[in-house]
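Notes follow the structure.
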Number of protein chains: 2
Amino acid sequence: MPARKHAPRPKVAGDSPFGRVALIGIGLIGSSLARVLRRERLARHIAIATRSPQTLAAAKRLKLGHSYTTDPARAAEGADLVVLCTPMSAYAEIARAIAPALSAGAIVSDVGSVKSPVAREVGPALPKGVHLVPGHPVAGTEHSGPKAGFAELFQGRWCILTPDAKANKSAVERVAGLWRRAGSSVVVMNADHHDRVLAITSHLPHLIAYTIVDTAAQLEKDVQGEVIKFSASGFRDFTRIAASDPVMWRDIFLANREAVLDILQRFNEDLTALQRAIRRGDGRMLEETFRRTRAIRKGVIDAKQA
Amino acid sequence: MPARKHAPRPKVAGDSPFGRVALIGIGLIGSSLARVLRRERLARHIAIATRSPQTLAAAKRLKLGHSYTTDPARAAEGADLVVLCTPMSAYAEIARAIAPALSAGAIVSDVGSVKSPVAREVGPALPKGVHLVPGHPVAGTEHSGPKAGFAELFQGRWCILTPDAKANKSAVERVAGLWRRAGSSVVVMNADHHDRVLAITSHLPHLIAYTIVDTAAQLEKDVQGEVIKFSASGFRDFTRIAASDPVMWRDIFLANREAVLDILQRFNEDLTALQRAIRRGDGRMLEETFRRTRAIRKGVIDAKQA
């Protein structure tokens, strides 16, 4: 992480508060963002919309916003910022629903983990003069729902914005300012590039973790009990990752299909090579591979991400 | 973990101290065990043997034992307990070297992560009247060497012993007592069963982690930098596992070849099924799998292993 996120920053235009902010979806990320908006007094009004009346009631009990509705268009009406915080498969429908309610100059953003589909699915539905600034706060836990959120979730983490080349600069800067106030370091990059990088750093690790835990789940019952008993020897770390929200992750793999399948192909080739070395008893190949991977760990530690 | 490990236990015969204990190999596990022996006053004399003069000098500087040698036979002479703490590929040679130095009634144990080869490779070399009690403290970190060890490494962890059916009961109980004093809960099981359980809880997760980190290591340099930058999104956990000792892990995969290849085959089938679901856009299959794995996480948390 660059040092700048720890240093005090002068208040710039991008940090100036919003009037009405609409959060569509109020799970782990949405509810954490609501808490940031309150703590930092970034919005005069926080409008919360979510499809499930139970989740809406929970958000209300937690006092996350000022108004609550199951209708995204009502929440978006008069908002100068709308942030989509639902699973990504709902984006297109929500975009169509909120479009008539949006005024010129409004900003639409999101927090999804795959970025190239946002311009494709949300962009065309938005009226002229509405600014699309897709975003991805690279933060999360294995817990879900409005109760799981907390304002510090984004502290010291990255937030990646992927506006297209023609995006309104001031809109991008306002969204960037919001995430900086959440404690994050903001980087802007191309959406396709984002999706390729995250396929390896996040999507493949989650797919692998889901697989290995599912493999264990299918073992005979007696062995399964012992797998849990002795899970501290490596397996445990995978179970945490594989406890992440099933619907969110379903959508991520469907939305980032190409990049995930590409990196999965490389992974399979590398795994097959190690499998072959084990079968043939090729200790030299195994040891060489295991030495190479240590260097990457050193990079992670040097980058203060460990 | 059962509650008993936290409760005070009466001093029983199995806890009684040893005279001379020889540690052959003084890396992370060996040096942690030396520290336990000293803290708990379990041995009148700790003899340390290791092949590398540098490592031996480090052990001496750290005051881990009472005598130091590069000759395992000299360390083993007159010992009532010899613990092999080297990579497993050295076991057979060490067993042959120490055999003439062992007296009747001596116990030979080890700390290796694969247990079925111990009886096969060490057993035949030992003289009559010497008791073999293979052991596996299920504990470790990604660091190696005598400086990396610490006495609390085994606290609250499992130690698995795999003596064969004809093993001397009192010898088994003495080794069990040692590990209990290290703070571990001791379980006795069949060596083959141990190797199948650990193949899924430990060996497969490590193989997968090594593979995914190596896949990243082979990406173009510019993407690699970003992979490290955004590693907190899942990849980071794998780099920690993939930083474990290369020689130790080479030996584990060679020693547990059959069980690892078997579980790897199942893993590959499960991964291929998920890959197919992603390619076909089968969201239902993905979501169902991701829900199943949450139940295993709950098991891990309920077993207080999280």
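Labels used: A, B, ... for chains in the order of the structure tokens, numbers from 1 for residues in each chain, and numbers from 1 for ligands as shown.
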Pose of chain A fitted onto chain B, C-alpha LSQ, given as a tab-separated table (two decimals) with C-alpha atoms, in the first residue's frame:
chain	number	residue	atom	x	y	z
A	1	MET	CA	-10.55	-29.99	20.56
A	2	PRO	CA	-11.67	-32.02	23.55
A	3	ALA	CA	-11.84	-30.13	26.81
A	4	ARG	CA	-9.35	-32.41	28.54
A	5	LYS	CA	-6.36	-30.58	27.14
A	6	HIS	CA	-7.32	-27.44	29.06
A	7	ALA	CA	-8.10	-29.23	32.32
A	8	PRO	CA	-5.31	-29.92	34.83
A	9	ARG	CA	-4.14	-33.53	34.57
A	10	PRO	CA	-2.66	-35.61	37.35
A	11	LYS	CA	0.99	-36.53	36.87
A	12	VAL	CA	1.06	-40.08	35.52
A	13	ALA	CA	3.89	-42.46	34.69
A	14	GLY	CA	3.84	-41.38	31.03
A	15	ASP	CA	4.83	-37.86	32.02
A	16	SER	CA	7.97	-38.93	33.84
A	17	PRO	CA	11.13	-37.39	32.45
A	18	PHE	CA	13.58	-39.00	30.09
A	19	GLY	CA	17.27	-39.39	30.72
A	20	ARG	CA	18.97	-38.63	27.40
A	21	VAL	CA	16.91	-37.41	24.46
A	22	ALA	CA	18.52	-37.21	21.02
A	23	LEU	CA	17.00	-34.85	18.46
A	24	ILE	CA	18.17	-35.70	14.94
A	25	GLY	CA	17.43	-32.57	12.90
A	26	ILE	CA	16.87	-29.20	14.54
A	27	GLY	CA	14.59	-27.18	12.23
A	28	LEU	CA	11.24	-25.60	13.12
A	29	ILE	CA	9.81	-28.73	14.76
A	30	GLY	CA	13.01	-30.12	16.29
A	31	SER	CA	14.01	-26.81	17.83
A	32	SER	CA	10.47	-26.24	19.16
A	33	LEU	CA	10.58	-29.68	20.76
A	34	ALA	CA	13.99	-28.88	22.29
A	35	ARG	CA	12.47	-25.76	23.83
A	36	VAL	CA	9.60	-27.83	25.26
A	37	LEU	CA	12.03	-30.39	26.72
A	38	ARG	CA	13.90	-27.58	28.50
A	39	ARG	CA	10.81	-25.71	29.69
A	40	GLU	CA	9.18	-28.85	31.06
A	41	ARG	CA	12.47	-30.39	32.32
A	42	LEU	CA	11.66	-33.60	30.49
A	43	ALA	CA	15.22	-34.66	29.79
A	44	ARG	CA	18.42	-34.70	31.83
A	45	HIS	CA	20.44	-34.38	28.62
A	46	ILE	CA	19.40	-33.11	25.18
A	47	ALA	CA	21.75	-34.30	22.42
A	48	ILE	CA	21.39	-32.47	19.12
A	49	ALA	CA	22.56	-33.83	15.79
A	50	THR	CA	22.20	-32.18	12.40
A	51	ARG	CA	24.05	-32.62	9.13
A	52	SER	CA	24.78	-28.95	8.45
A	53	PRO	CA	27.54	-27.39	10.59
A	54	GLN	CA	25.88	-23.97	10.14
A	55	THR	CA	22.56	-25.21	11.55
A	56	LEU	CA	24.41	-26.95	14.38
A	57	ALA	CA	26.20	-23.69	15.24
A	58	ALA	CA	22.86	-21.86	15.24
A	59	ALA	CA	21.35	-24.47	17.60
A	60	LYS	CA	24.36	-24.05	19.89
A	61	ARG	CA	24.04	-20.26	19.88
A	62	LEU	CA	20.36	-20.67	20.78
A	63	LYS	CA	21.39	-23.02	23.66
A	64	LEU	CA	18.85	-25.61	22.53
A	65	GLY	CA	20.69	-28.64	23.93
A	66	HIS	CA	23.53	-29.96	26.05
A	67	SER	CA	25.67	-31.56	23.34
A	68	TYR	CA	26.00	-30.96	19.59
A	69	THR	CA	27.27	-33.21	16.81
A	70	THR	CA	26.95	-33.77	13.07
A	71	ASP	CA	26.97	-37.54	13.74
A	72	PRO	CA	23.49	-38.93	14.55
A	73	ALA	CA	24.99	-42.13	16.02
A	74	ARG	CA	26.94	-40.14	18.60
A	75	ALA	CA	23.81	-38.25	19.63
A	76	ALA	CA	21.78	-41.48	19.85
A	77	GLU	CA	24.33	-43.33	21.99
A	78	GLY	CA	22.79	-44.06	25.40
A	79	ALA	CA	19.59	-42.16	24.56
A	80	ASP	CA	16.32	-43.49	25.92
A	81	LEU	CA	14.47	-41.44	23.29
A	82	VAL	CA	15.59	-40.55	19.76
A	83	VAL	CA	13.30	-38.25	17.74
A	84	LEU	CA	13.87	-37.92	13.99
A	85	CYS	CA	13.12	-34.31	13.00
A	86	THR	CA	14.74	-34.25	9.54
A	87	PRO	CA	13.05	-34.30	6.14
A	88	MET	CA	11.64	-37.81	5.70
A	89	SER	CA	13.94	-38.75	2.82
A	90	ALA	CA	16.80	-38.96	5.33
A	91	TYR	CA	15.04	-41.40	7.69
A	92	ALA	CA	16.29	-44.72	6.26
A	93	GLU	CA	19.93	-43.63	6.24
A	94	ILE	CA	19.71	-42.19	9.76
A	95	ALA	CA	18.03	-45.35	11.05
A	96	ARG	CA	20.91	-47.46	9.71
A	97	ALA	CA	23.44	-45.03	11.15
A	98	ILE	CA	22.02	-44.91	14.68
A	99	ALA	CA	21.06	-48.62	14.96
A	100	PRO	CA	24.41	-49.83	16.40
A	101	ALA	CA	24.33	-47.05	19.01
A	102	LEU	CA	20.87	-47.90	20.38
A	103	SER	CA	20.40	-49.90	23.58
A	104	ALA	CA	17.50	-52.25	24.28
A	105	GLY	CA	14.50	-50.37	25.68
A	106	ALA	CA	15.30	-47.19	23.74
A	107	ILE	CA	12.42	-45.50	21.94
A	108	VAL	CA	12.71	-44.14	18.39
A	109	SER	CA	10.07	-41.63	17.30
A	110	ASP	CA	9.72	-39.00	14.58
A	111	VAL	CA	7.69	-35.92	13.65
A	112	GLY	CA	7.11	-36.54	9.94
A	113	SER	CA	3.86	-35.65	8.16
A	114	VAL	CA	3.46	-39.05	6.46
A	115	LYS	CA	3.33	-42.08	8.69
A	116	SER	CA	3.07	-45.34	6.73
A	117	PRO	CA	6.64	-45.19	5.36
A	118	VAL	CA	8.16	-44.87	8.86
A	119	ALA	CA	7.46	-48.46	9.91
A	120	ARG	CA	8.68	-49.62	6.47
A	121	GLU	CA	11.87	-47.57	6.29
A	122	VAL	CA	12.94	-47.14	9.90
A	123	GLY	CA	11.51	-50.28	11.51
A	124	PRO	CA	13.67	-52.96	9.80
A	125	ALA	CA	16.91	-51.11	10.65
A	126	LEU	CA	16.29	-51.02	14.41
A	127	PRO	CA	17.78	-53.67	16.72
A	128	LYS	CA	15.51	-55.98	18.70
A	129	GLY	CA	14.18	-54.42	21.90
A	130	VAL	CA	14.13	-50.90	20.48
A	131	HIS	CA	10.59	-49.46	20.36
A	132	LEU	CA	9.34	-47.55	17.31
A	133	VAL	CA	6.58	-45.01	18.01
A	134	PRO	CA	6.00	-42.85	14.89
A	135	GLY	CA	4.46	-39.46	15.66
A	136	HIS	CA	3.10	-36.41	13.88
A	137	PRO	CA	2.59	-33.16	15.76
A	138	VAL	CA	-0.01	-31.41	13.56
A	139	ALA	CA	1.54	-27.98	13.93
A	140	GLY	CA	3.81	-25.72	11.96
A	141	THR	CA	4.36	-22.31	10.46
A	142	GLU	CA	5.65	-21.21	7.06
A	143	HIS	CA	9.06	-20.49	8.63
A	144	SER	CA	11.98	-22.94	8.82
A	145	GLY	CA	15.19	-23.45	10.76
A	146	PRO	CA	16.21	-23.57	14.45
A	147	LYS	CA	15.56	-19.86	14.98
A	148	ALA	CA	11.95	-20.21	13.80
A	149	GLY	CA	11.02	-22.63	16.61
A	150	PHE	CA	9.16	-21.76	19.82
A	151	ALA	CA	7.95	-23.83	22.76
A	152	GLU	CA	4.27	-22.88	22.29
A	153	LEU	CA	4.08	-24.28	18.75
A	154	PHE	CA	2.34	-27.47	19.91
A	155	GLN	CA	0.02	-25.84	22.46
A	156	GLY	CA	-3.65	-26.67	21.77
A	157	ARG	CA	-2.79	-28.73	18.69
A	158	TRP	CA	-3.15	-32.43	17.91
A	159	CYS	CA	-0.35	-34.94	17.99
A	160	ILE	CA	-1.05	-38.19	16.16
A	161	LEU	CA	0.86	-41.36	17.08
A	162	THR	CA	0.81	-44.36	14.76
A	163	PRO	CA	2.46	-47.29	16.59
A	164	ASP	CA	1.75	-50.69	15.04
A	165	ALA	CA	-0.45	-53.22	16.81
A	166	LYS	CA	2.51	-54.98	18.45
A	167	ALA	CA	4.09	-51.80	19.82
A	168	ASN	CA	5.20	-51.62	23.45
A	169	LYS	CA	2.36	-49.90	25.36
A	170	SER	CA	4.59	-48.22	27.90
A	171	ALA	CA	6.79	-46.77	25.13
A	172	VAL	CA	3.70	-45.36	23.40
A	173	GLU	CA	2.49	-43.88	26.68
A	174	ARG	CA	5.87	-42.22	27.36
A	175	VAL	CA	5.86	-40.54	23.94
A	176	ALA	CA	2.20	-39.53	24.41
A	177	GLY	CA	3.09	-38.01	27.79
A	178	LEU	CA	5.84	-35.93	26.19
A	179	TRP	CA	3.42	-34.41	23.67
A	180	ARG	CA	0.81	-33.77	26.33
A	181	ARG	CA	3.43	-31.81	28.25
A	182	ALA	CA	3.98	-29.84	25.02
A	183	GLY	CA	0.31	-28.85	25.29
A	184	SER	CA	-1.03	-31.16	22.60
A	185	SER	CA	-3.96	-33.59	22.58
A	186	VAL	CA	-2.73	-37.02	21.59
A	187	VAL	CA	-4.63	-39.43	19.35
A	188	VAL	CA	-3.46	-42.86	18.28
A	189	MET	CA	-4.45	-44.14	14.86
A	190	ASN	CA	-3.50	-46.49	12.08
A	191	ALA	CA	-0.69	-45.11	9.88
A	192	ASP	CA	-2.52	-45.65	6.57
A	193	HIS	CA	-5.62	-43.96	7.91
A	194	HIS	CA	-3.50	-41.03	9.09
A	195	ASP	CA	-2.02	-40.65	5.63
A	196	ARG	CA	-5.43	-40.62	3.94
A	197	VAL	CA	-6.87	-38.03	6.33
A	198	LEU	CA	-3.83	-35.76	6.12
A	199	ALA	CA	-3.79	-36.04	2.32
A	200	ILE	CA	-7.04	-34.08	2.28
A	201	THR	CA	-6.58	-31.78	5.29
A	202	SER	CA	-2.98	-30.84	4.64
A	203	HIS	CA	-1.21	-32.28	1.62
A	204	LEU	CA	-3.78	-31.43	-1.05
A	205	PRO	CA	-4.29	-27.85	0.28
A	206	HIS	CA	-0.52	-27.33	0.16
A	207	LEU	CA	-0.23	-28.78	-3.35
A	208	ILE	CA	-3.05	-26.54	-4.57
A	209	ALA	CA	-1.57	-23.48	-2.90
A	210	TYR	CA	1.86	-24.19	-4.41
A	211	THR	CA	0.22	-24.58	-7.82
A	212	ILE	CA	-1.84	-21.41	-7.75
A	213	VAL	CA	1.09	-19.32	-6.56
A	214	ASP	CA	3.30	-20.87	-9.23
A	215	THR	CA	0.66	-20.13	-11.87
A	216	ALA	CA	0.82	-16.49	-10.77
A	217	ALA	CA	4.62	-16.59	-10.76
A	218	GLN	CA	4.56	-17.46	-14.44
A	219	LEU	CA	2.33	-14.56	-15.50
A	220	GLU	CA	3.81	-11.65	-17.42
A	221	LYS	CA	5.81	-9.36	-15.13
A	222	ASP	CA	3.32	-6.43	-15.23
A	223	VAL	CA	0.34	-8.54	-14.21
A	224	GLN	CA	2.45	-10.26	-11.52
A	225	GLY	CA	3.06	-6.92	-9.80
A	226	GLU	CA	-0.67	-6.28	-9.66
A	227	VAL	CA	-1.37	-9.79	-8.41
A	228	ILE	CA	0.85	-8.99	-5.43
A	229	LYS	CA	-0.72	-5.55	-5.04
A	230	PHE	CA	-4.25	-6.94	-4.87
A	231	SER	CA	-3.36	-10.19	-3.11
A	232	ALA	CA	-5.54	-9.47	-0.07
A	233	SER	CA	-8.60	-10.56	-2.05
A	234	GLY	CA	-7.89	-14.28	-1.53
A	235	PHE	CA	-4.51	-15.00	-3.10
A	236	ARG	CA	-2.57	-13.85	-0.04
A	237	ASP	CA	-3.71	-16.81	2.11
A	238	PHE	CA	-2.32	-19.17	-0.52
A	239	THR	CA	1.07	-17.45	-0.63
A	240	ARG	CA	1.53	-18.07	3.08
A	241	ILE	CA	0.87	-21.80	2.70
A	242	ALA	CA	3.05	-21.92	-0.42
A	243	ALA	CA	6.00	-20.45	1.50
A	244	SER	CA	6.42	-23.64	3.55
A	245	ASP	CA	9.73	-25.54	3.49
A	246	PRO	CA	10.39	-26.85	-0.07
A	247	VAL	CA	12.45	-29.92	0.91
A	248	MET	CA	10.02	-31.00	3.61
A	249	TRP	CA	7.12	-30.73	1.22
A	250	ARG	CA	8.94	-32.46	-1.63
A	251	ASP	CA	9.40	-35.41	0.74
A	252	ILE	CA	5.78	-35.36	1.90
A	253	PHE	CA	4.42	-35.65	-1.64
A	254	LEU	CA	6.86	-38.40	-2.53
A	255	ALA	CA	6.14	-40.31	0.70
A	256	ASN	CA	2.35	-40.02	0.50
A	257	ARG	CA	2.13	-40.42	-3.26
A	258	GLU	CA	-0.80	-42.88	-3.39
A	259	ALA	CA	-3.12	-41.02	-1.03
A	260	VAL	CA	-2.28	-37.62	-2.55
A	261	LEU	CA	-2.85	-38.83	-6.12
A	262	ASP	CA	-6.14	-40.43	-5.06
A	263	ILE	CA	-7.55	-37.29	-3.45
A	264	LEU	CA	-6.13	-35.15	-6.27
A	265	GLN	CA	-8.10	-37.24	-8.73
A	266	ARG	CA	-11.34	-36.55	-6.82
A	267	PHE	CA	-10.45	-32.85	-6.61
A	268	ASN	CA	-9.82	-32.73	-10.38
A	269	GLU	CA	-13.20	-34.31	-11.08
A	270	ASP	CA	-14.95	-31.77	-8.85
A	271	LEU	CA	-13.03	-28.87	-10.38
A	272	THR	CA	-13.85	-30.06	-13.88
A	273	ALA	CA	-17.55	-30.16	-12.97
A	274	LEU	CA	-17.39	-26.53	-11.74
A	275	GLN	CA	-15.42	-25.49	-14.81
A	276	ARG	CA	-18.10	-27.04	-17.02
A	277	ALA	CA	-20.83	-25.22	-15.05
A	278	ILE	CA	-19.04	-21.90	-15.56
A	279	ARG	CA	-18.57	-22.54	-19.28
A	280	ARG	CA	-22.25	-23.47	-19.71
A	281	GLY	CA	-23.50	-20.68	-17.47
A	282	ASP	CA	-25.10	-23.18	-15.06
A	283	GLY	CA	-25.68	-20.82	-12.11
A	284	ARG	CA	-27.83	-23.31	-10.22
A	285	MET	CA	-25.07	-25.89	-10.02
A	286	LEU	CA	-22.57	-23.26	-8.87
A	287	GLU	CA	-24.86	-21.89	-6.18
A	288	GLU	CA	-25.74	-25.37	-4.87
A	289	THR	CA	-22.08	-26.28	-4.56
A	290	PHE	CA	-21.25	-23.01	-2.80
A	291	ARG	CA	-24.06	-23.58	-0.30
A	292	ARG	CA	-22.84	-27.10	0.51
A	293	THR	CA	-19.36	-25.88	1.39
A	294	ARG	CA	-20.76	-23.45	3.97
A	295	ALA	CA	-21.91	-26.42	6.08
A	296	ILE	CA	-18.33	-27.71	6.33
A	297	ARG	CA	-17.17	-24.31	7.55
A	298	LYS	CA	-19.82	-24.51	10.25
A	299	GLY	CA	-18.40	-27.89	11.26
A	300	VAL	CA	-14.92	-26.40	11.54
A	301	ILE	CA	-16.23	-23.54	13.69
A	302	ASP	CA	-18.27	-25.93	15.88
A	303	ALA	CA	-15.15	-28.06	16.38
A	304	LYS	CA	-13.34	-24.91	17.55
A	305	GLN	CA	-10.71	-25.27	14.82
A	306	ALA	CA	-11.54	-21.96	13.08
*Just list the residues in range 36-175 of chain A DSSP gives strand (DSSP E or B) on the backbone, as a list in words.*
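Restricting range 36-175 of chain A to strand (DSSP E or B) produces Ala43, Arg44, His45, Ile46, Ala47, Ile48, Ala49, Ser67, Tyr68, Thr69, Leu81, Val82, Val83, Leu84, Ile107, Val108, Ser109, Asp110, His131, Leu132, Val133, Gly135, His136, Pro137, Val138, Trp158, Cys159, Ile160 and Leu161 of chain A.
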*List every residue of range 27-239 of chain A that DSSP, applied to the backbone of this structure, assigns to helix (DSSP H, G or I), and report them as an MDAnalysis selection string.*
chainID A and resid 28:39 53:61 72:76 88:101 116:121 123:125 146:148 151:154 169:181 191:217 221:229 231:233 235:239
